[in-house]
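Visitor: Below you'll find the structure I mean.
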Amino acid sequence: MISESRQRLNYIVSDYISTNVAWMLFNIVRFYFLDTTRIDYSSLWSYLTSQQIVLGQIFFPIMMLGIFYLSGYYNKVFLKSRLQEFVGTFSTSFIGMLAIYFIALINDNTPERLRSYELMAILLGIMFCIVYSLRFCITQVATHNIHRRIWSFNTLIIGASQVAADLEKRLRSSKKSMGFNIIGYVETCKEHESRTLNLPIYDLEQLPKLCADLNIKNLIIIPHRHGMNATLDMINKLYPLNLPMYISPDLYNLITAKARVSNIIGEPLIDISRAEMSDSTENIKRISDIIISAFALLFLFPLFIIVAILIKLDSPGPILYKQKRIGFHKKPFYIYKFRSMYVDAEANGPTLSTLEDPRITKIGKIMRKYRIDELPNFWNVFIGDMSLVGPRPEREFYINQIIHQAPYYSLIHQVRPGITSWGMVKFGYASNVDEMISRLKYDLLYIENVSFAVDLKILFYTIHTVLTGKGI
């Protein structure tokens with residue numbers, strides 16, 4: 001069985017070779033297409049070995065790989081949609097053509113504008129045909145091997161009921177495989193039930209070790225016999241495994257955000273491990289997080305120094321305050337903030353702050369009003385624990401209380417938590433669990449509508465909130 005990283009490397013190498021060949025073929029056509037080029041260079045060889053063309057041969061394939069990455073083409077490398085691959089390749093080739101034109105071709109000495117348009121069309125045609133042809137071959141081989149069960153991915157069914165056995169039978173007897181190699185069931189309820197299971201049954205407590213030992217790539221979740229809340233509680237426990245989690249359409253009503261149908265061939269299954277977000281949005285969002293947080297940390301550094309001095313003058317204790325929070329796929333991480341409370345403010349246990357909280361220092365009140373205390377969060381964004389925009393990360397102490405009342409809270413772990421969020425913009429800080437649950441509906445709406453444009457709107461309103469001092 002080929003690994004995901006190996007298949008991704010196949011696409012990357014293919015794209016690099018194809019864009020190299022496309023650039024060379026285009027320059028051959030360009031040499032014979034433009035009379036002025038043949039005047040400037042004595043032969044095709046002297047033209048192809050000129051500094052401008054050689055630099056383009058090095059730079060443009062790398063640039064195209066960057067464009068392909070931002071488009072999300074390398075995110076998922078198996079069972080690709082042929083239509084999406086065709087449209088995506090054409091779109092990125094068109095963007096690459098425009099970039100190459102404005103970088104290298106716009107200064108061509110072409111007497112007629114029409115000739116420039118013709119050159120652009122030739123470049124687009126050559127690049128698209130070569131890139132798509134190699135991609136099509138790789139995708140065709142992979143899809144054929146998966147459908148014919150030559151390649152498969154170890155999968156566990158979460159649930160050991162007769163419903164699970166029936167699903168396994170349908171997947172096994174499907175004419176075209178979806179790549180699920182069911183190797184066993186995971187018992188989620190110890191109650192006895194009549195069933196006919198032909199594969200091993202494992203305990204839920206063994207799951208983390210099983211996933212590592214058996215190289216598990218997918219989980220398929222069967223509805224818990226104790227109802228919706230029990231099923232959502234189980235899903236919440238599975239997020240830390242960081243694996244795709246599929247449910248049947250029967251469980252669709254459990255999902256309050258949009259769900260993504262991953263395959264229309266065979267058994268329809270919905271992946272709920274990630275939010276409804278395009279691959280290009282996911283990549284652009286992450287690159288933007290890195291760039292913006294890096295610039296913020298650099299340019300805000302003088303402000304950091306001033307704030308640090310004020311904190312030390314205001315009250316004894318450290319400048320920065322770190323606290324364990326729960327992030328993407330329930331991964332714990334430490335969030336960093338400027339200390340806005342007195343030392344040992346939570347000596348009696350976790351307590352949410354209020355508007356007139358006596359634990360808040362004098363400088364802390366000012367920082368909270370303008371959200372200056374959260375500026376160190378940019379470091380969490382830079383290293384990947386958080387995003388600029390996403391649901392606010394909570395402590396496990398409060399998450400357990402929220403899930404008890406609103407089990408669907410676990411769905412916010414589909415995305416990285418953020419410095420700001422739709423909930424923070426529309427609702428603000430929460431001083432108790434009930435308010436956290438009220439704010440949750442905005443976070444779920446964000447997950448349902450996540451896009452780069454929505455992120456920009458939330459950032460705009462956040463900046464307005466900060467500048468007007470409405471952070472509390």
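Chain labels run A, B, ... following the order of the structure tokens; each chain numbers its residues from 1, and ligands are numbered from 1 in the order shown.
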Any chance you could list, as JSON, numbers by chain, the residues in region 170-218 of chain A that come up helix (DSSP H, G or I) when DSSP is run on the backbone?
Guide: {"A": [170, 171, 172, 173, 204, 205, 206, 207, 208, 209, 210, 211, 212, 213]}
Visitor: Can those selected residues be exported to a file as a compact mmCIF listing (two decimals), in the first residue's frame so that it contains all heavy atoms?
Guide:
# COMPACT_ATOMS: atom_id res chain seq x y z
N ARG A 170 -21.71 -4.31 3.63
CA ARG A 170 -21.98 -3.50 2.44
C ARG A 170 -20.69 -2.94 1.85
O ARG A 170 -20.52 -2.92 0.63
CB ARG A 170 -22.94 -2.36 2.79
CG ARG A 170 -24.36 -2.80 3.12
CD ARG A 170 -25.33 -1.63 3.05
NE ARG A 170 -24.99 -0.56 3.96
CZ ARG A 170 -25.39 -0.48 5.21
NH1 ARG A 170 -26.14 -1.46 5.72
NH2 ARG A 170 -25.05 0.54 5.97
N LEU A 171 -19.79 -2.50 2.72
CA LEU A 171 -18.53 -1.96 2.23
C LEU A 171 -17.69 -3.04 1.56
O LEU A 171 -17.05 -2.80 0.53
CB LEU A 171 -17.74 -1.33 3.39
CG LEU A 171 -18.31 -0.03 3.98
CD1 LEU A 171 -17.54 0.37 5.23
CD2 LEU A 171 -18.28 1.09 2.96
N ARG A 172 -17.70 -4.24 2.16
CA ARG A 172 -16.91 -5.34 1.61
C ARG A 172 -17.46 -5.84 0.28
O ARG A 172 -16.70 -6.23 -0.60
CB ARG A 172 -16.86 -6.47 2.64
CG ARG A 172 -16.04 -7.67 2.21
CD ARG A 172 -15.71 -8.59 3.38
NE ARG A 172 -16.75 -8.62 4.40
CZ ARG A 172 -17.79 -9.43 4.36
NH1 ARG A 172 -17.95 -10.28 3.34
NH2 ARG A 172 -18.68 -9.43 5.34
N SER A 173 -18.78 -5.80 0.12
CA SER A 173 -19.40 -6.34 -1.09
C SER A 173 -19.61 -5.29 -2.18
O SER A 173 -20.09 -5.61 -3.27
CB SER A 173 -20.75 -6.98 -0.75
OG SER A 173 -21.63 -6.01 -0.19
N LEU A 204 -12.79 0.38 23.83
CA LEU A 204 -12.61 1.80 23.52
C LEU A 204 -11.35 2.35 24.18
O LEU A 204 -10.68 3.22 23.62
CB LEU A 204 -13.84 2.59 23.98
CG LEU A 204 -13.92 4.06 23.57
CD1 LEU A 204 -13.94 4.20 22.06
CD2 LEU A 204 -15.16 4.71 24.18
N GLU A 205 -11.02 1.85 25.37
CA GLU A 205 -9.83 2.33 26.09
C GLU A 205 -8.54 2.00 25.34
O GLU A 205 -7.52 2.64 25.52
CB GLU A 205 -9.77 1.73 27.50
CG GLU A 205 -10.86 2.22 28.44
CD GLU A 205 -12.22 1.60 28.14
OE1 GLU A 205 -12.27 0.57 27.41
OE2 GLU A 205 -13.24 2.15 28.62
N GLN A 206 -8.59 0.96 24.49
CA GLN A 206 -7.40 0.55 23.74
C GLN A 206 -7.19 1.36 22.46
O GLN A 206 -6.16 1.22 21.80
CB GLN A 206 -7.53 -0.94 23.33
CG GLN A 206 -7.62 -1.92 24.47
CD GLN A 206 -7.84 -3.34 23.96
OE1 GLN A 206 -8.64 -3.58 23.06
NE2 GLN A 206 -7.09 -4.28 24.53
N LEU A 207 -8.13 2.22 22.12
CA LEU A 207 -8.14 2.84 20.80
C LEU A 207 -6.88 3.62 20.46
O LEU A 207 -6.33 3.44 19.36
CB LEU A 207 -9.38 3.73 20.66
CG LEU A 207 -9.72 4.18 19.24
CD1 LEU A 207 -9.81 2.99 18.29
CD2 LEU A 207 -11.03 4.95 19.23
N PRO A 208 -6.36 4.51 21.32
CA PRO A 208 -5.14 5.24 20.95
C PRO A 208 -3.98 4.32 20.59
O PRO A 208 -3.28 4.55 19.61
CB PRO A 208 -4.84 6.07 22.20
CG PRO A 208 -6.16 6.24 22.88
CD PRO A 208 -6.89 4.95 22.62
N LYS A 209 -3.78 3.27 21.38
CA LYS A 209 -2.69 2.33 21.11
C LYS A 209 -2.98 1.52 19.85
O LYS A 209 -2.08 1.25 19.04
CB LYS A 209 -2.49 1.40 22.30
CG LYS A 209 -1.28 0.48 22.18
CD LYS A 209 -1.08 -0.32 23.45
CE LYS A 209 0.21 -1.13 23.40
NZ LYS A 209 0.27 -2.07 22.26
N LEU A 210 -4.25 1.15 19.66
CA LEU A 210 -4.63 0.39 18.46
C LEU A 210 -4.35 1.17 17.19
O LEU A 210 -3.84 0.62 16.21
CB LEU A 210 -6.12 0.03 18.52
CG LEU A 210 -6.53 -1.14 19.40
CD1 LEU A 210 -8.05 -1.22 19.46
CD2 LEU A 210 -5.97 -2.45 18.84
N CYS A 211 -4.69 2.45 17.21
CA CYS A 211 -4.51 3.28 16.02
C CYS A 211 -3.03 3.34 15.63
O CYS A 211 -2.69 3.36 14.44
CB CYS A 211 -5.05 4.68 16.25
SG CYS A 211 -6.86 4.74 16.35
N ALA A 212 -2.16 3.38 16.63
CA ALA A 212 -0.72 3.41 16.35
C ALA A 212 -0.21 2.04 15.91
O ALA A 212 0.52 1.92 14.92
CB ALA A 212 0.04 3.89 17.58
N ASP A 213 -0.61 1.00 16.62
CA ASP A 213 -0.10 -0.34 16.31
C ASP A 213 -0.62 -0.89 14.99
O ASP A 213 0.10 -1.58 14.27
CB ASP A 213 -0.48 -1.31 17.45
CG ASP A 213 0.22 -0.98 18.76
OD1 ASP A 213 1.18 -0.19 18.74
OD2 ASP A 213 -0.22 -1.48 19.81
Visitor: What's around Phe153 (chain A) at 10 Å? Count only C-alpha atoms, leave out sequence neighbours fewer than 2 positions away in its own chain, and write the answer as a PDB file with N, CA and C atoms, in the first residue's frame.
Guide:
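Written out: selection_35.pdb:
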ATOM      1  N   MET A   1       0.843  -1.187   0.000  1.00  0.00           N
ATOM      2  CA  MET A   1       0.000   0.000   0.000  1.00  0.00           C
ATOM      3  C   MET A   1       0.883   1.242   0.000  1.00  0.00           C
ATOM      4  N   ILE A   2       0.635   2.170  -0.914  1.00  0.00           N
ATOM      5  CA  ILE A   2       1.395   3.406  -0.982  1.00  0.00           C
ATOM      6  C   ILE A   2       0.953   4.344   0.139  1.00  0.00           C
ATOM      7  N   SER A   3       1.904   5.069   0.709  1.00  0.00           N
ATOM      8  CA  SER A   3       1.573   5.979   1.791  1.00  0.00           C
ATOM      9  C   SER A   3       1.067   7.301   1.222  1.00  0.00           C
ATOM     10  N   ILE A 146      -7.440   1.655  -5.834  1.00  0.00           N
ATOM     11  CA  ILE A 146      -8.336   1.700  -4.672  1.00  0.00           C
ATOM     12  C   ILE A 146      -9.647   0.998  -4.983  1.00  0.00           C
ATOM     13  N   ARG A 149      -9.363  -2.648  -4.898  1.00  0.00           N
ATOM     14  CA  ARG A 149      -8.905  -3.151  -3.595  1.00  0.00           C
ATOM     15  C   ARG A 149      -7.431  -3.562  -3.592  1.00  0.00           C
ATOM     16  N   TRP A 151      -5.124  -1.176  -3.301  1.00  0.00           N
ATOM     17  CA  TRP A 151      -4.748  -0.282  -2.213  1.00  0.00           C
ATOM     18  C   TRP A 151      -5.935  -0.119  -1.276  1.00  0.00           C
ATOM     19  N   THR A 155      -9.090   0.563   8.685  1.00  0.00           N
ATOM     20  CA  THR A 155     -10.215   1.311   9.241  1.00  0.00           C
ATOM     21  C   THR A 155     -10.858   0.537  10.377  1.00  0.00           C
ATOM     22  N   LEU A 156     -11.245   1.258  11.420  1.00  0.00           N
ATOM     23  CA  LEU A 156     -11.998   0.658  12.521  1.00  0.00           C
ATOM     24  C   LEU A 156     -13.409   1.226  12.531  1.00  0.00           C
ATOM     25  N   MET A 178     -14.171   1.905  -1.615  1.00  0.00           N
ATOM     26  CA  MET A 178     -13.893   3.284  -1.236  1.00  0.00           C
ATOM     27  C   MET A 178     -12.557   3.386  -0.493  1.00  0.00           C
ATOM     28  N   GLY A 179     -11.849   2.269  -0.401  1.00  0.00           N
ATOM     29  CA  GLY A 179     -10.538   2.266   0.233  1.00  0.00           C
ATOM     30  C   GLY A 179     -10.549   1.881   1.695  1.00  0.00           C
ATOM     31  N   PHE A 180     -11.737   1.583   2.254  1.00  0.00           N
ATOM     32  CA  PHE A 180     -11.816   1.203   3.663  1.00  0.00           C
ATOM     33  C   PHE A 180     -11.508  -0.282   3.833  1.00  0.00           C
ATOM     34  N   ASN A 181     -10.429  -0.567   4.539  1.00  0.00           N
ATOM     35  CA  ASN A 181     -10.103  -1.950   4.890  1.00  0.00           C
ATOM     36  C   ASN A 181     -10.497  -2.166   6.354  1.00  0.00           C
ATOM     37  N   ILE A 182     -11.708  -2.653   6.567  1.00  0.00           N
ATOM     38  CA  ILE A 182     -12.222  -2.819   7.930  1.00  0.00           C
ATOM     39  C   ILE A 182     -11.494  -3.967   8.607  1.00  0.00           C
ATOM     40  N   ILE A 183     -10.800  -3.644   9.696  1.00  0.00           N
ATOM     41  CA  ILE A 183     -10.025  -4.689  10.373  1.00  0.00           C
ATOM     42  C   ILE A 183     -10.582  -5.008  11.758  1.00  0.00           C
ATOM     43  N   ASN A 215      -1.841   0.968  12.453  1.00  0.00           N
ATOM     44  CA  ASN A 215      -1.733   1.953  11.372  1.00  0.00           C
ATOM     45  C   ASN A 215      -3.122   2.340  10.845  1.00  0.00           C
ATOM     46  N   ILE A 216      -3.994   2.712  11.768  1.00  0.00           N
ATOM     47  CA  ILE A 216      -5.363   3.069  11.405  1.00  0.00           C
ATOM     48  C   ILE A 216      -5.382   4.427  10.719  1.00  0.00           C
ATOM     49  N   LYS A 217      -6.109   4.517   9.610  1.00  0.00           N
ATOM     50  CA  LYS A 217      -6.195   5.749   8.834  1.00  0.00           C
ATOM     51  C   LYS A 217      -7.587   6.388   8.882  1.00  0.00           C
ATOM     52  N   ASN A 218      -8.609   5.608   9.213  1.00  0.00           N
ATOM     53  CA  ASN A 218      -9.980   6.127   9.225  1.00  0.00           C
ATOM     54  C   ASN A 218     -10.775   5.498  10.359  1.00  0.00           C
TER      55      ASN A 218
END
Visitor: Measure the distance from CA of Ser71 (chain A) to CA of Asn145 (chain A) in Å and round it to one decimal.
Guide: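 Computed distance, CA of Ser71 (chain A) to CA of Asn145 (chain A), equals 25.6 Å.
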Visitor: Just the residues within 10 Å of region 222-237 of chain A, please, counting only C-alpha atoms, with nothing from its chain fewer than 3 positions along; format it as an MDAnalysis selection string.
Guide: chainID A and resid 157:161 163:164 167 188:189 191 204 219 240:241 245:248 250:251 253:255 272:273 329:330 403:413
Visitor: So, counting only C-alpha atoms, which residue among A:Ile402, A:Ile220, A:Cys137, A:Leu119 is closest to Glu168 (chain A)?
Guide: A:Ile220
Visitor: Grab the CA of Ser288 (chain A) to CA of Ile399 (chain A) distance for me, in Å with one decimal place.
Guide: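 It comes out at 28.6 Å.
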Visitor: Closest to Tyr47 (chain A) among A:Arg274, A:Arg339, A:Lys441, A:Arg30, using only C-alpha atoms?
Guide: A:Arg30
Visitor: Write out as a list in words each polymer residue whose atoms come within 8 Å of region 447-452 of chain A, counting only C-alpha atoms; drop sequence neighbours fewer than 6 positions from it.
Guide: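 These residues fall inside the cut-off: Ala257, Lys258, Ala275, Glu276, Met277, Thr281, Ile284, Lys285, Ile412, Gln414 and Val415 of chain A.
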Visitor: Since we have the selection now, will you write its residues out, keeping C-alpha atoms, as a CSV table (one decimal), in the first residue's frame?
Guide:
chain,number,residue,atom,x,y,z
A,257,ALA,CA,-22.7,22.6,10.9
A,258,LYS,CA,-22.5,21.7,7.2
A,275,ALA,CA,-15.1,21.8,9.0
A,276,GLU,CA,-16.7,22.6,5.6
A,277,MET,CA,-13.7,24.5,4.3
A,281,THR,CA,-9.1,28.3,2.0
A,284,ILE,CA,-4.4,30.4,2.5
A,285,LYS,CA,-5.8,30.8,6.0
A,412,ILE,CA,-15.9,23.4,17.4
A,414,GLN,CA,-13.1,20.9,13.8
A,415,VAL,CA,-11.1,24.1,13.4
Visitor: When you look at Tyr398 (chain A) with a cut-off of 10 Å (counting only C-alpha atoms), what residues show up, excluding the ones that are within fewer than 4 positions of it in the same chain? I need them as a ChimeraX atom specification.
Guide: /A:350-352,394,402-404,432-433,436
Visitor: Between CA of Lys176 (chain A) and CA of Phe86 (chain A), what distance in Å does the model show, to one decimal?
Guide: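 For CA of Lys176 (chain A) relative to CA of Phe86 (chain A), the distance reads 22.3 Å.
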Visitor: Mind listing the strand (DSSP E) residues of region 212-412 of chain A, per DSSP on the backbone, as a PyMOL selection string?
Guide: chain A and resi 218-221+245-247+260-263+269-271+320-326+332-338+387-389
Visitor: For Val13 (chain A), list every protein, DNA or RNA residue within 12 Å, evaluated using only C-alpha atoms, and leave out those in the same chain fewer than 3 positions away; present the list as a list in words.
Guide: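 Residues meeting the cut-off are Arg6, Gln7, Arg8, Leu9, Asn10, Tyr16, Ile17, Ser18, Thr19, Asn20, Pro61, Ile62, Leu65, Tyr74, Val131, Leu134, Arg135 and Ile138 of chain A.
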Visitor: Neighbours of region 358-370 of chain A within 10 Å (only C-alpha atoms; same-chain residues fewer than 6 positions away dropped), as a ChimeraX atom specification?
Guide: /A:307,310-315,338-346,463,465-472
